[in-house]
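To be precise, the following lines are my_file.pdb, and they hold PDB, C-alpha atoms, pLDDT in the B column.
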```pdb
ATOM      1  CA  MET T   1       0.000   0.000   0.000  1.00 45.00           C
ATOM      2  CA  THR T   2       1.324   3.469  -0.888  1.00 50.00           C
ATOM      3  CA  LYS T   3       1.791   5.851   1.990  1.00 56.00           C
ATOM      4  CA  LYS T   4       0.425   9.298   1.257  1.00 75.00           C
ATOM      5  CA  CYS T   5      -0.422  12.301   3.414  1.00 84.00           C
ATOM      6  CA  GLU T   6      -2.065  15.544   2.362  1.00 91.00           C
ATOM      7  CA  VAL T   7      -2.672  18.465   4.731  1.00 95.00           C
ATOM      8  CA  HIS T   8      -6.021  20.184   4.111  1.00 95.00           C
ATOM      9  CA  SER T   9      -5.948  22.942   6.727  1.00 96.00           C
ATOM     10  CA  VAL T  10      -4.315  24.428   9.806  1.00 97.00           C
ATOM     11  CA  GLU T  11      -6.663  26.080  12.311  1.00 96.00           C
ATOM     12  CA  PRO T  12      -6.547  28.714  13.491  1.00 94.00           C
ATOM     13  CA  GLY T  13      -4.757  30.361  10.588  1.00 91.00           C
ATOM     14  CA  PHE T  14      -3.050  32.616  13.138  1.00 94.00           C
ATOM     15  CA  ALA T  15      -1.249  30.963  16.056  1.00 95.00           C
ATOM     16  CA  ILE T  16       1.317  31.809  18.717  1.00 92.00           C
ATOM     17  CA  PRO T  17       4.381  29.947  19.981  1.00 93.00           C
ATOM     18  CA  GLY T  18       3.211  27.575  22.702  1.00 92.00           C
ATOM     19  CA  GLY T  19      -0.351  27.631  21.353  1.00 94.00           C
ATOM     20  CA  GLU T  20      -2.202  24.629  20.015  1.00 97.00           C
ATOM     21  CA  ILE T  21      -3.301  24.174  16.400  1.00 98.00           C
ATOM     22  CA  LEU T  22      -5.668  21.750  14.697  1.00 98.00           C
ATOM     23  CA  VAL T  23      -4.329  20.129  11.523  1.00 98.00           C
ATOM     24  CA  LYS T  24      -6.859  18.423   9.246  1.00 96.00           C
ATOM     25  CA  TYR T  25      -5.353  15.947   6.827  1.00 93.00           C
ATOM     26  CA  GLU T  26      -5.971  12.876   4.726  1.00 89.00           C
ATOM     27  CA  MET T  27      -3.669   9.883   4.683  1.00 83.00           C
ATOM     28  CA  SER T  28      -3.565   6.345   3.462  1.00 80.00           C
ATOM     29  CA  GLY T  29      -1.413   3.513   4.685  1.00 80.00           C
ATOM     30  CA  ILE T  30      -0.209   5.512   7.684  1.00 81.00           C
ATOM     31  CA  SER T  31      -1.086   4.985  11.328  1.00 86.00           C
ATOM     32  CA  PRO T  32      -1.459   8.126  13.467  1.00 88.00           C
ATOM     33  CA  ALA T  33       1.265   6.645  15.688  1.00 90.00           C
ATOM     34  CA  GLU T  34       3.731   6.922  12.764  1.00 90.00           C
ATOM     35  CA  ILE T  35       3.327  10.625  12.055  1.00 92.00           C
ATOM     36  CA  GLU T  36       5.247  13.672  13.156  1.00 96.00           C
ATOM     37  CA  CYS T  37       4.235  17.296  12.824  1.00 97.00           C
ATOM     38  CA  VAL T  38       7.020  19.678  11.809  1.00 98.00           C
ATOM     39  CA  ILE T  39       6.807  23.478  11.816  1.00 98.00           C
ATOM     40  CA  ASP T  40       9.665  25.364  10.184  1.00 97.00           C
ATOM     41  CA  GLY T  41      11.945  22.373  10.703  1.00 96.00           C
ATOM     42  CA  LEU T  42      11.073  22.040  14.405  1.00 97.00           C
ATOM     43  CA  ALA T  43       9.181  19.120  15.917  1.00 98.00           C
ATOM     44  CA  ALA T  44       5.726  20.234  17.048  1.00 98.00           C
ATOM     45  CA  PRO T  45       4.559  17.975  19.902  1.00 98.00           C
ATOM     46  CA  ILE T  46       1.345  16.169  18.967  1.00 98.00           C
ATOM     47  CA  THR T  47      -1.167  16.201  21.810  1.00 97.00           C
ATOM     48  CA  ALA T  48      -3.850  14.092  20.060  1.00 97.00           C
ATOM     49  CA  ALA T  49      -4.174  12.413  16.661  1.00 95.00           C
ATOM     50  CA  SER T  50      -6.595  10.387  14.561  1.00 93.00           C
ATOM     51  CA  ASN T  51      -6.640   9.321  10.909  1.00 88.00           C
ATOM     52  CA  THR T  52      -8.034  12.714   9.839  1.00 92.00           C
ATOM     53  CA  ARG T  53      -6.754  15.320  12.280  1.00 95.00           C
ATOM     54  CA  LEU T  54      -4.243  16.107  14.965  1.00 96.00           C
ATOM     55  CA  PHE T  55      -3.630  18.712  17.610  1.00 98.00           C
ATOM     56  CA  ALA T  56      -0.066  19.990  17.927  1.00 98.00           C
ATOM     57  CA  ARG T  57       1.690  22.638  19.983  1.00 97.00           C
ATOM     58  CA  VAL T  58       3.563  25.367  18.074  1.00 97.00           C
ATOM     59  CA  PRO T  59       7.218  25.211  19.205  1.00 97.00           C
ATOM     60  CA  GLU T  60       8.400  28.199  21.255  1.00 93.00           C
ATOM     61  CA  ASP T  61      11.389  28.657  18.933  1.00 93.00           C
ATOM     62  CA  VAL T  62       9.391  29.284  15.735  1.00 94.00           C
ATOM     63  CA  GLN T  63      10.716  32.609  14.445  1.00 88.00           C
ATOM     64  CA  ASN T  64       8.955  33.082  11.101  1.00 89.00           C
ATOM     65  CA  GLU T  65       5.698  34.981  10.828  1.00 93.00           C
ATOM     66  CA  ASP T  66       4.887  32.846   7.767  1.00 96.00           C
ATOM     67  CA  ALA T  67       5.501  29.357   9.145  1.00 97.00           C
ATOM     68  CA  GLU T  68       5.338  26.146   7.136  1.00 97.00           C
ATOM     69  CA  LEU T  69       3.879  22.931   8.505  1.00 98.00           C
ATOM     70  CA  THR T  70       4.465  19.431   7.166  1.00 96.00           C
ATOM     71  CA  ILE T  71       3.349  15.999   8.293  1.00 95.00           C
ATOM     72  CA  VAL T  72       6.139  13.417   8.203  1.00 92.00           C
ATOM     73  CA  ALA T  73       5.712   9.627   8.293  1.00 86.00           C
ATOM     74  CA  GLY T  74       8.963   7.740   7.794  1.00 80.00           C
ATOM     75  CA  SER T  75      10.369   8.855   4.435  1.00 82.00           C
ATOM     76  CA  GLU T  76       7.039  10.376   3.322  1.00 85.00           C
ATOM     77  CA  GLU T  77       6.376  14.075   3.784  1.00 90.00           C
ATOM     78  CA  SER T  78       3.307  16.160   2.970  1.00 93.00           C
ATOM     79  CA  GLU T  79       3.494  19.312   0.913  1.00 94.00           C
ATOM     80  CA  PRO T  80       4.049  22.303   3.223  1.00 96.00           C
ATOM     81  CA  VAL T  81       1.066  24.375   4.334  1.00 96.00           C
ATOM     82  CA  SER T  82       1.591  27.973   5.477  1.00 96.00           C
ATOM     83  CA  PHE T  83       0.009  29.696   8.452  1.00 97.00           C
ATOM     84  CA  LYS T  84       0.807  32.812  10.481  1.00 97.00           C
ATOM     85  CA  VAL T  85       2.668  32.753  13.797  1.00 96.00           C
ATOM     86  CA  GLY T  86       2.506  35.830  15.998  1.00 93.00           C
ATOM     87  CA  THR T  87       5.382  37.422  17.846  1.00 86.00           C
ATOM     88  CA  LYS T  88       5.334  37.929  21.615  1.00 81.00           C
ATOM     89  CA  LEU T  89       5.258  41.666  22.284  1.00 84.00           C
ATOM     90  CA  CYS T  90       5.359  41.595  26.084  1.00 82.00           C
ATOM     91  CA  ASP T  91       4.749  39.288  29.010  1.00 80.00           C
ATOM     92  CA  ASN T  92       3.809  39.365  32.703  1.00 79.00           C
ATOM     93  CA  MET T  93       0.368  40.752  31.913  1.00 79.00           C
ATOM     94  CA  HIS T  94      -2.928  39.292  33.131  1.00 76.00           C
ATOM     95  CA  ILE T  95      -5.255  40.173  30.302  1.00 78.00           C
ATOM     96  CA  VAL T  96      -8.826  39.095  30.992  1.00 80.00           C
ATOM     97  CA  SER T  97     -10.293  40.581  27.807  1.00 81.00           C
ATOM     98  CA  ASN T  98      -8.908  41.960  24.560  1.00 83.00           C
ATOM     99  CA  PRO T  99      -6.535  44.920  24.592  1.00 89.00           C
ATOM    100  CA  ALA T 100      -7.547  48.164  22.853  1.00 93.00           C
ATOM    101  CA  VAL T 101      -5.730  50.260  20.273  1.00 95.00           C
ATOM    102  CA  ASP T 102      -5.442  53.973  21.049  1.00 95.00           C
ATOM    103  CA  PRO T 103      -6.910  55.825  18.050  1.00 96.00           C
ATOM    104  CA  ASP T 104      -4.581  58.799  18.618  1.00 94.00           C
ATOM    105  CA  ASP T 105      -1.206  57.080  18.366  1.00 95.00           C
ATOM    106  CA  GLY T 106      -1.820  53.391  17.560  1.00 95.00           C
ATOM    107  CA  SER T 107      -0.390  52.180  20.876  1.00 95.00           C
ATOM    108  CA  ILE T 108      -1.915  49.112  22.537  1.00 95.00           C
ATOM    109  CA  ILE T 109      -3.533  49.438  25.973  1.00 92.00           C
ATOM    110  CA  LEU T 110      -3.036  46.343  28.145  1.00 91.00           C
ATOM    111  CA  THR T 111      -4.128  45.252  31.604  1.00 87.00           C
ATOM    112  CA  ARG T 112      -2.640  43.379  34.523  1.00 83.00           C
ATOM    113  CA  SER T 113      -5.721  42.344  36.441  1.00 81.00           C
ATOM    114  CA  GLY T 114      -4.646  39.936  39.154  1.00 74.00           C
ATOM    115  CA  THR T 115      -7.168  37.785  40.977  1.00 74.00           C
ATOM    116  CA  ARG T 116     -10.494  39.300  42.005  1.00 77.00           C
ATOM    117  CA  GLY T 117      -9.957  41.765  44.839  1.00 73.00           C
ATOM    118  CA  GLN T 118      -6.154  41.552  44.626  1.00 76.00           C
ATOM    119  CA  GLU T 119      -4.479  44.956  44.779  1.00 78.00           C
ATOM    120  CA  ILE T 120      -1.409  45.214  42.591  1.00 77.00           C
ATOM    121  CA  PRO T 121       0.578  48.414  42.101  1.00 81.00           C
ATOM    122  CA  ASN T 122       0.335  48.856  38.330  1.00 84.00           C
ATOM    123  CA  THR T 123      -2.648  47.650  36.356  1.00 84.00           C
ATOM    124  CA  LEU T 124      -2.763  49.585  33.054  1.00 87.00           C
ATOM    125  CA  PHE T 125      -0.011  49.731  30.459  1.00 90.00           C
ATOM    126  CA  ARG T 126       0.685  51.211  27.048  1.00 94.00           C
ATOM    127  CA  TYR T 127       2.690  49.188  24.499  1.00 94.00           C
ATOM    128  CA  ARG T 128       4.260  51.326  21.785  1.00 94.00           C
ATOM    129  CA  ASP T 129       7.332  50.985  19.597  1.00 92.00           C
ATOM    130  CA  GLY T 130       8.507  47.843  21.401  1.00 90.00           C
ATOM    131  CA  GLU T 131       8.261  49.325  24.903  1.00 93.00           C
ATOM    132  CA  VAL T 132       5.777  48.838  27.738  1.00 92.00           C
ATOM    133  CA  GLN T 133       4.986  51.907  29.844  1.00 93.00           C
ATOM    134  CA  GLU T 134       2.803  52.153  32.929  1.00 91.00           C
ATOM    135  CA  ILE T 135      -0.308  54.319  32.741  1.00 89.00           C
ATOM    136  CA  ALA T 136      -0.840  56.368  35.889  1.00 86.00           C
ATOM    137  CA  ALA T 137      -4.233  55.044  36.945  1.00 81.00           C
ATOM    138  CA  SER T 138      -5.528  53.202  39.964  1.00 80.00           C
ATOM    139  CA  VAL T 139      -8.012  50.604  38.755  1.00 84.00           C
ATOM    140  CA  MET T 140      -8.301  47.395  40.752  1.00 79.00           C
ATOM    141  CA  ASN T 141      -8.780  44.313  38.570  1.00 84.00           C
ATOM    142  CA  PRO T 142      -9.163  46.003  35.176  1.00 86.00           C
ATOM    143  CA  THR T 143     -10.986  43.583  32.928  1.00 86.00           C
ATOM    144  CA  ALA T 144     -11.684  45.255  29.588  1.00 89.00           C
ATOM    145  CA  VAL T 145     -10.527  48.438  27.907  1.00 92.00           C
ATOM    146  CA  ALA T 146     -12.177  50.396  25.090  1.00 94.00           C
ATOM    147  CA  PHE T 147     -12.084  53.795  23.435  1.00 96.00           C
ATOM    148  CA  ASP T 148     -15.175  55.781  22.479  1.00 95.00           C
ATOM    149  CA  SER T 149     -15.555  57.738  19.228  1.00 94.00           C
ATOM    150  CA  THR T 150     -13.851  60.785  20.755  1.00 95.00           C
ATOM    151  CA  GLY T 151     -10.791  58.829  21.928  1.00 94.00           C
ATOM    152  CA  ARG T 152     -11.673  58.612  25.637  1.00 94.00           C
ATOM    153  CA  LEU T 153     -10.443  55.440  27.359  1.00 94.00           C
ATOM    154  CA  PHE T 154     -12.878  53.386  29.429  1.00 93.00           C
ATOM    155  CA  VAL T 155     -11.875  50.538  31.744  1.00 91.00           C
ATOM    156  CA  SER T 156     -14.154  47.974  33.361  1.00 90.00           C
ATOM    157  CA  ASN T 157     -13.331  46.962  36.917  1.00 86.00           C
ATOM    158  CA  ARG T 158     -14.462  43.493  37.953  1.00 81.00           C
ATOM    159  CA  ALA T 159     -13.631  44.065  41.633  1.00 79.00           C
ATOM    160  CA  ASP T 160     -16.341  46.727  41.966  1.00 81.00           C
ATOM    161  CA  GLY T 161     -18.396  46.029  38.842  1.00 84.00           C
ATOM    162  CA  GLU T 162     -17.792  49.550  37.529  1.00 88.00           C
ATOM    163  CA  VAL T 163     -16.723  51.181  34.291  1.00 90.00           C
ATOM    164  CA  VAL T 164     -14.340  54.087  34.808  1.00 86.00           C
ATOM    165  CA  GLN T 165     -12.946  56.734  32.493  1.00 88.00           C
TER     166      GLN T 165
END
```

Conversion result in structure tokens:
Amino acid sequence: MTKKCEVHSVEPGFAIPGGEILVKYEMSGISPAEIECVIDGLAAPITAASNTRLFARVPEDVQNEDAELTIVAGSEESEPVSFKVGTKLCDNMHIVSNPAVDPDDGSIILTRSGTRGQEIPNTLFRYRDGEVQEIAASVMNPTAVAFDSTGRLFVSNRADGEVVQ
């Protein structure tokens, strides 16, 4: 029997290092136990696999925004399939909801929420040009941030159930 593997899709189409992706594929003559998932030449640990799909973790060392994934089984290799891999901009945040983009300067507003009721010294941050800066504001447990049509920033506070400006 001829061994053949064809990758149909990678979901989501945008992933991050350390994140999990779903790969849908078709194969014949290959057991799921025989396959490897490779992203940009790096082994991507498979967390679950069947004859039609697998879940794999994107390696932390993937550097390319346009990554290529292949399925390998012995000497057989699928054609590469491209997907996007994001770049870590900052860490040590505790983002409960999506960040917001400041309409005035394009910077990204981020939160460090902590656990409910936990007071931490700095909770709002601005990411711009590769740097993270604290925003002078005292909001316990900021959950979501948004700008209105005039550019005013609003922050929800899950500790008190309020929205502040």

Residues near Val72 (chain T), cut-off 7 Å, only C-alpha atoms, skip fewer than 2 positions along chain, as an MDAnalysis selection string = chainID T and resid 35:37 70 74 76:78

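CA of Ile16 (chain T) sits 26.6 Å away from CA of Ile135 (chain T).
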
Which residues match the PyMOL selection byres ((chain T and resi 56-62) around 7) in the file above, as a list in words?
-> Ile16, Pro17, Gly18, Gly19, Glu20, Ile21, Leu22, Asp40, Leu42, Ala44, Pro45, Ile46, Thr47, Leu54, Phe55, Gln63 and Asn64 of chain T

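In this comparison, which uses all atoms listed in the file, the residue of T:Ala144, T:Ile108, T:Ala136, T:Ala73 approaching His94 (chain T) most closely is T:Ala144.
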
CA of Asn98 (chain T) and CA of Phe83 (chain T) are how many Å apart?
-> 22.1 Å

Applied to this file, what does the PyMOL selection byres ((chain T and resi 27) around 7) return in terms of residues, put as a PDB file with C-alpha atoms, in the coordinates of the input?
```
ATOM      1  CA  LYS T   4       0.425   9.298   1.257  1.00 75.00           C
ATOM      2  CA  CYS T   5      -0.422  12.301   3.414  1.00 84.00           C
ATOM      3  CA  GLU T   6      -2.065  15.544   2.362  1.00 91.00           C
ATOM      4  CA  TYR T  25      -5.353  15.947   6.827  1.00 93.00           C
ATOM      5  CA  GLU T  26      -5.971  12.876   4.726  1.00 89.00           C
ATOM      6  CA  SER T  28      -3.565   6.345   3.462  1.00 80.00           C
ATOM      7  CA  GLY T  29      -1.413   3.513   4.685  1.00 80.00           C
ATOM      8  CA  ILE T  30      -0.209   5.512   7.684  1.00 81.00           C
ATOM      9  CA  ASN T  51      -6.640   9.321  10.909  1.00 88.00           C
TER      10      ASN T  51
END
```

Selection dump of the PyMOL selection byres ((chain T and resi 153) around 10), as a ChimeraX atom specification | /T:100-103,109,145-152,154-155,164-165

Any chance you can output those residues with C-alpha atoms as an mmCIF file, in the coordinates of the input?
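New file selection39.cif:
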```cif
data_model
loop_
_atom_site.group_PDB
_atom_site.id
_atom_site.type_symbol
_atom_site.label_atom_id
_atom_site.label_comp_id
_atom_site.auth_asym_id
_atom_site.auth_seq_id
_atom_site.Cartn_x
_atom_site.Cartn_y
_atom_site.Cartn_z
ATOM 1 C CA ALA T 100 -7.547 48.164 22.853
ATOM 2 C CA VAL T 101 -5.730 50.260 20.273
ATOM 3 C CA ASP T 102 -5.442 53.973 21.049
ATOM 4 C CA PRO T 103 -6.910 55.825 18.050
ATOM 5 C CA ILE T 109 -3.533 49.438 25.973
ATOM 6 C CA VAL T 145 -10.527 48.438 27.907
ATOM 7 C CA ALA T 146 -12.177 50.396 25.090
ATOM 8 C CA PHE T 147 -12.084 53.795 23.435
ATOM 9 C CA ASP T 148 -15.175 55.781 22.479
ATOM 10 C CA SER T 149 -15.555 57.738 19.228
ATOM 11 C CA THR T 150 -13.851 60.785 20.755
ATOM 12 C CA GLY T 151 -10.791 58.829 21.928
ATOM 13 C CA ARG T 152 -11.673 58.612 25.637
ATOM 14 C CA PHE T 154 -12.878 53.386 29.429
ATOM 15 C CA VAL T 155 -11.875 50.538 31.744
ATOM 16 C CA VAL T 164 -14.340 54.087 34.808
ATOM 17 C CA GLN T 165 -12.946 56.734 32.493
#
```

Exercise: Val139 (chain T) partners within 12 Å, all atoms listed in the file, chain neighbours under 5 positions left out, as a PyMOL selection string | chain T and resi 111-114+117-125+144-145+154-165

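We find CA of Met93 (chain T) and CA of Ala15 (chain T) to be spaced 18.7 Å apart.
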
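Shortest atom-to-atom contact with Ala43 (chain T) among T:Ile71, T:Val23, T:Thr115, T:Glu65: T:Ile71, counting only C-alpha atoms.
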
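For the choices T:Pro99, T:Pro142, T:Gly106, T:Pro32, the atom-to-atom distance to Ser50 (chain T) is smallest for T:Pro32 when using all atoms listed in the file.
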
Work out where the centre of an axis-aligned box around every listed atom of region 68-80 of chain T lies and how long its edges are once 6 Å is added on each side; give both in Å to one decimal as JSON.
```
{"center_x": 6.8, "center_y": 16.9, "center_z": 4.7, "size_x": 19.1, "size_y": 30.4, "size_z": 19.6}
```

Compute the distance from (9.1, 46.6, 25.5) to each atom, counting all atoms listed in the file, keep the residues with any atom at most 12 Å away, and return them as JSON, numbers by chain; use the coordinates of the file.
-> {"T": [88, 89, 90, 91, 92, 107, 108, 125, 126, 127, 128, 129, 130, 131, 132, 133, 134]}

Got a sec to check which residues sit within 6 Å of (6.9, 26.2, 6.4), counting only C-alpha atoms, and write them as a VMD selection string?
-> chain T and resid 40 67 to 69 80 82

Residues from last step as file, C-alpha atoms, as a short mmCIF file (atom, residue, chain, number, x, y, z; two decimals), in the frame of the given file:
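What landed in result.cif:
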```cif
data_model
loop_
_atom_site.label_atom_id
_atom_site.label_comp_id
_atom_site.auth_asym_id
_atom_site.auth_seq_id
_atom_site.Cartn_x
_atom_site.Cartn_y
_atom_site.Cartn_z
CA ASP T 40 9.66 25.36 10.18
CA ALA T 67 5.50 29.36 9.14
CA GLU T 68 5.34 26.15 7.14
CA LEU T 69 3.88 22.93 8.51
CA PRO T 80 4.05 22.30 3.22
CA SER T 82 1.59 27.97 5.48
#
```
